[in-house]
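Enquirer: What follows is a structure written as structure tokens; I'll ask about it next.
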Amino acid sequence: VARAAANPGGDAVFAAITDDGDMYRLPVDSFPALLEAARGEGESPQAWITARLDGQRPFGKYDERMTQLPVAPAEVWAAGVTYERSRSARSEAVGGAAKSEPTIYDKVYEAERPELFFKSTASRLAAPGGQVRLRSDSNSQVPEPELVLVLDREGKIAGYTAGNDMSARDIEKDNALYIPQAKIWNGSCSIGPAIRLADPEENPYEWTIRARIVRGDAAVWEADASVGQLKRKLTELAEYLFRDNVFEDGTCLFTGTCIVPPEPFTLASGDRIEITIDRIGTLVNEVK
Ligand code: DO4
Ligand code: MG
């Protein structure tokens with residue numbers, strides 16, 4: 001599902017998209033409304049949509065360049081140090097390789113409790129095709145391409161999207177207590193372009209996450225990794241987030257980065273960031 005338009009400049013509507021790329025209007029205008037409607041009928045969102053597509057004609061072909069935020073979550077949260085690559089990059093950044101003591105990143109990677117932090121709100125999100133922003137007080141900024149869980153209000157995974165957890169690594173490296181400043185600012189997060197509904201037939205651990213940063217005409221960084229390298233279970237991350245807490249339908253949870261540009265890379269204004277996840281699509285943002 002996505003908020004998508006059939007023509008350039010056309011009004012975006014909340015739409016179901018088939019694997020053939022046909023778009024169908026839905027009789028709800030948001031992802032939380034879809035979850036609520038399906039819940040009201042005692043159906044899965046997938047079954048609820050399928051029943052409503054019967055006899056309907058598609059209104060256009062899906063083009064992910066014509067999408068807007070697929071959900072406007074009140075809260076976006078993120079898990080950290082859930083892949084070996086994030087642990088080693090962060091441990092090296094704080095001088096871990098030179099010390100015999102494990103760093104906080106080594107410890108949290110092995111710990112039972114995952115790192116979870118507050119990341120964003122709908123008002124700070126960059127839409128697909130929109131601009132993510134650089135902080136004015138950091139000289140080392142990177143995208144973190146991540147699989148994002150879109151959760152229902154009970155903590156169940158309702159769908160998946162792609163996301164960029166922009167990070168100021170010099171601020172994070174200065175002091176781990178600066179993490180909210182290294183992670184949260186206007187335009188430091190993006191999600192989209194569409195939500196792949198959770199389906200027992202799909203195995204997200206088989207998906208590949210690819211990222212590319214284009215500067216001018218050239219790719220200045222590209223990498224990929226498999227969700228299968230995740231140290232934890234996706235349901236485990238959602239379960240920790242919901243412990244003794246309440247969230248609305250459509251809350252997003254980033255699941256951690258598995259690919260990190262090597263030091264001393266830093267993003268520059270005008271860069272284009274492309275994050276592609278199998279079965280979801282490509283999230284594209286320009287850097288400002
Ligand atoms: O511990 C800092 C943040 C980690 C993070 O964002 C990640 O591993 O993706
Ligand atoms: Mg991250």
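Residue numbering restarts at 1 for every chain of the structure tokens, chains are lettered A, B, ... in their displayed order, and ligands are numbered from 1 as they appear.
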Please find the residues contacting ligand 1 at a distance of at most 7 Å between atoms, with only C-alpha atoms and all ligand atoms counted, and report them as JSON, numbers by chain.

Expert: {"A": [78, 79, 80, 81, 82, 83, 86, 105, 115, 144, 165, 179, 255, 256, 257]}

Enquirer: Write out as a tab-separated table the residues of range 145-260 of chain A that have any atom within 10 Å of an atom of range 6-26 of chain A, one row each with the nearest atom pair and its distance in Å to one decimal, counting only C-alpha atoms, sorted by chain and then rising number.

Expert:
```
residue	atom	partner	partner_atom	distance
A:Ala194	CA	A:Ile17	CA	8.9
A:Ile195	CA	A:Ala16	CA	9.5
A:Arg196	CA	A:Ile17	CA	9.3
A:Leu197	CA	A:Ala16	CA	9.9
```

Enquirer: Let me see the file: selected residues, N, CA and C atoms, as an mmCIF file, in the first residue's frame.

Expert:
```cif
data_model
loop_
_atom_site.group_PDB
_atom_site.id
_atom_site.type_symbol
_atom_site.label_atom_id
_atom_site.label_comp_id
_atom_site.auth_asym_id
_atom_site.auth_seq_id
_atom_site.Cartn_x
_atom_site.Cartn_y
_atom_site.Cartn_z
ATOM 1 N N ALA A 194 6.599 2.598 -0.139
ATOM 2 C CA ALA A 194 5.324 1.910 0.059
ATOM 3 C C ALA A 194 5.458 0.991 1.263
ATOM 4 N N ILE A 195 4.338 0.486 1.735
ATOM 5 C CA ILE A 195 4.358 -0.505 2.823
ATOM 6 C C ILE A 195 4.002 -1.863 2.236
ATOM 7 N N ARG A 196 4.881 -2.816 2.387
ATOM 8 C CA ARG A 196 4.608 -4.210 2.014
ATOM 9 C C ARG A 196 3.876 -4.835 3.195
ATOM 10 N N LEU A 197 2.617 -5.218 3.011
ATOM 11 C CA LEU A 197 1.861 -5.794 4.123
ATOM 12 C C LEU A 197 2.495 -7.088 4.591
#
```

Enquirer: Report as an MDAnalysis selection string all protein, DNA and RNA residues lying within 10 Å of range 221-233 of chain A, evaluated on only C-alpha atoms, omitting residues in the same chain fewer than 4 positions from it.

Expert: chainID A and resid 81:85 109:110 112 114 145:147 203:215 237:239 255:262 265 273:278

Enquirer: May I have the residues from that selection written out with C-alpha atoms, as a JSON list (two decimals), in the first residue's frame?

Expert:
```
[["chain", "number", "residue", "atom", "x", "y", "z"],
["A", 81, "VAL", "CA", 23.59, -2.15, 17.05],
["A", 82, "THR", "CA", 21.54, -5.08, 15.79],
["A", 83, "TYR", "CA", 24.04, -6.02, 13.05],
["A", 84, "GLU", "CA", 27.72, -6.89, 13.43],
["A", 85, "ARG", "CA", 28.63, -4.10, 10.98],
["A", 109, "TYR", "CA", 25.17, -6.20, 20.73],
["A", 110, "GLU", "CA", 25.51, -9.20, 23.08],
["A", 112, "GLU", "CA", 19.56, -9.59, 26.12],
["A", 114, "PRO", "CA", 18.27, -4.35, 22.67],
["A", 145, "PRO", "CA", 19.57, 2.32, 5.36],
["A", 146, "GLU", "CA", 17.22, 0.16, 7.41],
["A", 147, "LEU", "CA", 14.25, -2.16, 7.23],
["A", 203, "ASN", "CA", 10.32, -14.12, 4.70],
["A", 204, "PRO", "CA", 11.86, -10.67, 5.39],
["A", 205, "TYR", "CA", 15.11, -12.32, 6.58],
["A", 206, "GLU", "CA", 15.71, -13.26, 2.93],
["A", 207, "TRP", "CA", 15.49, -9.66, 1.73],
["A", 208, "THR", "CA", 18.51, -7.66, 0.67],
["A", 209, "ILE", "CA", 19.01, -4.00, 1.61],
["A", 210, "ARG", "CA", 20.98, -1.99, -0.96],
["A", 211, "ALA", "CA", 22.11, 1.60, -0.70],
["A", 212, "ARG", "CA", 23.75, 4.04, -3.07],
["A", 213, "ILE", "CA", 24.81, 7.65, -2.71],
["A", 214, "VAL", "CA", 25.07, 9.60, -5.94],
["A", 215, "ARG", "CA", 27.03, 12.86, -6.15],
["A", 237, "LEU", "CA", 12.46, -5.76, 18.78],
["A", 238, "ALA", "CA", 8.73, -4.98, 18.60],
["A", 239, "GLU", "CA", 8.10, -6.89, 21.82],
["A", 255, "THR", "CA", 15.55, -2.29, 12.89],
["A", 256, "GLY", "CA", 19.16, -1.10, 12.72],
["A", 257, "THR", "CA", 21.73, -0.57, 10.03],
["A", 258, "CYS", "CA", 23.75, -3.29, 8.35],
["A", 259, "ILE", "CA", 25.70, -1.05, 5.96],
["A", 260, "VAL", "CA", 27.78, 1.95, 6.99],
["A", 261, "PRO", "CA", 29.84, 4.24, 4.71],
["A", 262, "PRO", "CA", 33.52, 4.01, 5.75],
["A", 265, "PHE", "CA", 32.78, 9.76, 4.31],
["A", 273, "ILE", "CA", 20.46, 8.69, -1.39],
["A", 274, "GLU", "CA", 18.79, 5.56, -2.74],
["A", 275, "ILE", "CA", 17.74, 2.77, -0.40],
["A", 276, "THR", "CA", 16.28, -0.36, -1.98],
["A", 277, "ILE", "CA", 14.77, -3.30, -0.13],
["A", 278, "ASP", "CA", 13.45, -6.41, -1.89]]
```

Enquirer: So the first atom is CA of Lys288 in chain A and the second is CA of Val150 in chain A; what is the distance between them in Å, to one decimal place?

Expert: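 Going from CA of Lys288 in chain A over to CA of Val150 in chain A, I get 26.6 Å.
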
Enquirer: Check the DSSP output for the backbone and give back, as a PyMOL selection string, the residues of range 68-262 of chain A in strand (DSSP E or B).

Expert: chain A and resi 68+76-80+115-120+125-126+131-132+141-142+145-151+157-165+167-168+189-197+208-215+218-226+251-254

Enquirer: Within 12 Å of Leu151 in chain A, counting only C-alpha atoms, which residues qualify if same-chain residues fewer than 2 places away don't, as a PyMOL selection string?

Expert: chain A and resi 31-32+35+71+73-77+148-149+153-161+195+197-198+234-235+237-239+241-242+246-254

Enquirer: Closest to ligand 2 among A:Glu92, A:Ser190, A:Pro27, A:Ala33, using only C-alpha atoms and all ligand atoms?

Expert: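 Under the stated criterion, the closest residue is A:Ser190.
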
Enquirer: For ligand 2, which residue out of A:Ala219, A:Leu116, A:Val284, A:Ala176 is the nearest one, using only C-alpha atoms and all ligand atoms?

Expert: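 Residue with the minimum atom-to-atom distance to ligand 2: A:Leu116.
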
Enquirer: With distances taken over only C-alpha atoms and all ligand atoms, which of A:Asn175, A:Thr121, A:Ser188, A:Gln131 is nearest to ligand 2?

Expert: A:Ser188

Enquirer: Restricting the calculation to only C-alpha atoms and all ligand atoms, which member of A:Ile171, A:Val287, A:Val142, A:Met66 is positioned closest to ligand 2?

Expert: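 For ligand 2, the nearest of the candidates is A:Val142.
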
Enquirer: With only C-alpha atoms as the counted atoms, please give the residues lying no more than 7 Å from Ile191 in chain A, apart from itself and same-chain residues fewer than 6 positions off, as a PDB file with N, CA and C atoms, in the first residue's frame.

Expert:
```
ATOM      1  N   LEU A  69       4.535  10.105   1.892  1.00  0.00           N
ATOM      2  CA  LEU A  69       4.716   9.229   3.069  1.00  0.00           C
ATOM      3  C   LEU A  69       3.608   8.173   3.105  1.00  0.00           C
ATOM      4  N   ALA A 127       9.502  13.019   3.100  1.00  0.00           N
ATOM      5  CA  ALA A 127       8.700  12.095   2.279  1.00  0.00           C
ATOM      6  C   ALA A 127       9.590  11.463   1.216  1.00  0.00           C
ATOM      7  N   PRO A 128       9.163  10.332   0.656  1.00  0.00           N
ATOM      8  CA  PRO A 128       9.912   9.759  -0.473  1.00  0.00           C
ATOM      9  C   PRO A 128      10.031  10.819  -1.570  1.00  0.00           C
ATOM     10  N   THR A 161       8.532  -1.227   5.594  1.00  0.00           N
ATOM     11  CA  THR A 161       8.926  -0.230   4.615  1.00  0.00           C
ATOM     12  C   THR A 161      10.442  -0.013   4.729  1.00  0.00           C
ATOM     13  N   ALA A 162      10.953   0.849   3.858  1.00  0.00           N
ATOM     14  CA  ALA A 162      12.382   1.174   3.925  1.00  0.00           C
ATOM     15  C   ALA A 162      12.544   2.487   4.681  1.00  0.00           C
ATOM     16  N   GLY A 163      13.712   2.685   5.289  1.00  0.00           N
ATOM     17  CA  GLY A 163      13.915   3.920   6.028  1.00  0.00           C
ATOM     18  C   GLY A 163      15.368   4.348   6.064  1.00  0.00           C
ATOM     19  N   ASN A 164      15.544   5.633   6.298  1.00  0.00           N
ATOM     20  CA  ASN A 164      16.877   6.214   6.440  1.00  0.00           C
ATOM     21  C   ASN A 164      16.976   6.872   7.809  1.00  0.00           C
TER      22      ASN A 164
END
```

Enquirer: Just list as a VMD selection string whatever in range 99-279 of chain A DSSP marks as helix (DSSP H, G or I).

Expert: chain A and resid 104 to 110 122 to 124 169 to 174 176 to 183 204 to 206 227 to 229 234 to 242

Enquirer: Please produce a file of the residues just selected, as a PDB file, in the first residue's frame, where the atoms kept are C-alpha atoms.

Expert:
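So the final result, stored in result14.pdb, reads:
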```
ATOM      1  CA  ILE A 104      29.137  -0.054  25.059  1.00  0.00           C
ATOM      2  CA  TYR A 105      28.400  -1.150  21.472  1.00  0.00           C
ATOM      3  CA  ASP A 106      30.022  -4.572  22.018  1.00  0.00           C
ATOM      4  CA  LYS A 107      28.007  -4.956  25.216  1.00  0.00           C
ATOM      5  CA  VAL A 108      24.622  -3.979  23.790  1.00  0.00           C
ATOM      6  CA  TYR A 109      25.169  -6.202  20.734  1.00  0.00           C
ATOM      7  CA  GLU A 110      25.506  -9.204  23.081  1.00  0.00           C
ATOM      8  CA  ALA A 122       5.641  12.665  11.359  1.00  0.00           C
ATOM      9  CA  SER A 123       6.446  16.390  11.274  1.00  0.00           C
ATOM     10  CA  ARG A 124      10.208  15.730  11.073  1.00  0.00           C
ATOM     11  CA  ARG A 169      28.498  10.178  13.819  1.00  0.00           C
ATOM     12  CA  ASP A 170      30.895  12.807  15.217  1.00  0.00           C
ATOM     13  CA  ILE A 171      28.264  13.899  17.763  1.00  0.00           C
ATOM     14  CA  GLU A 172      27.473  10.283  18.669  1.00  0.00           C
ATOM     15  CA  LYS A 173      31.199   9.516  18.988  1.00  0.00           C
ATOM     16  CA  ASP A 174      31.849  12.542  21.270  1.00  0.00           C
ATOM     17  CA  ALA A 176      26.941   8.352  23.759  1.00  0.00           C
ATOM     18  CA  LEU A 177      24.671  10.561  25.877  1.00  0.00           C
ATOM     19  CA  TYR A 178      24.423  12.879  22.866  1.00  0.00           C
ATOM     20  CA  ILE A 179      22.496  10.183  20.950  1.00  0.00           C
ATOM     21  CA  PRO A 180      19.235  12.174  20.696  1.00  0.00           C
ATOM     22  CA  GLN A 181      21.176  15.069  19.111  1.00  0.00           C
ATOM     23  CA  ALA A 182      23.061  12.684  16.817  1.00  0.00           C
ATOM     24  CA  LYS A 183      19.784  11.206  15.618  1.00  0.00           C
ATOM     25  CA  PRO A 204      11.858 -10.673   5.395  1.00  0.00           C
ATOM     26  CA  TYR A 205      15.108 -12.323   6.578  1.00  0.00           C
ATOM     27  CA  GLU A 206      15.706 -13.258   2.926  1.00  0.00           C
ATOM     28  CA  VAL A 227      18.338  -8.860   6.683  1.00  0.00           C
ATOM     29  CA  GLY A 228      19.352 -12.440   7.528  1.00  0.00           C
ATOM     30  CA  GLN A 229      22.467 -10.956   9.230  1.00  0.00           C
ATOM     31  CA  LEU A 234      12.142  -8.636  14.263  1.00  0.00           C
ATOM     32  CA  THR A 235       9.332  -9.664  16.632  1.00  0.00           C
ATOM     33  CA  GLU A 236      11.762  -9.444  19.569  1.00  0.00           C
ATOM     34  CA  LEU A 237      12.460  -5.755  18.777  1.00  0.00           C
ATOM     35  CA  ALA A 238       8.729  -4.980  18.599  1.00  0.00           C
ATOM     36  CA  GLU A 239       8.099  -6.894  21.819  1.00  0.00           C
ATOM     37  CA  TYR A 240      10.718  -4.855  23.737  1.00  0.00           C
ATOM     38  CA  LEU A 241       9.329  -1.578  22.367  1.00  0.00           C
ATOM     39  CA  PHE A 242       5.811  -2.407  23.546  1.00  0.00           C
TER      40      PHE A 242
END
```

Enquirer: Just how far from CA of Leu134 in chain A is CA of Asn186 in chain A, in Å to one decimal?

Expert: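 Atom-to-atom, CA of Asn186 in chain A to CA of Leu134 in chain A, that is 8.8 Å.
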
Enquirer: In Å, rounded to a single decimal, give me how far CA of Arg87 in chain A is from CA of Leu267 in chain A.

Expert: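 For CA of Leu267 in chain A relative to CA of Arg87 in chain A, the distance reads 21.1 Å.
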
Enquirer: Can you tell me, as a PyMOL selection string, what residues are no more than 8 Å from range 43-47 of chain A when counting only C-alpha atoms, ignoring any on the same chain fewer than 2 positions away?

Expert: chain A and resi 34-35+38-41+49-51+158+197+199
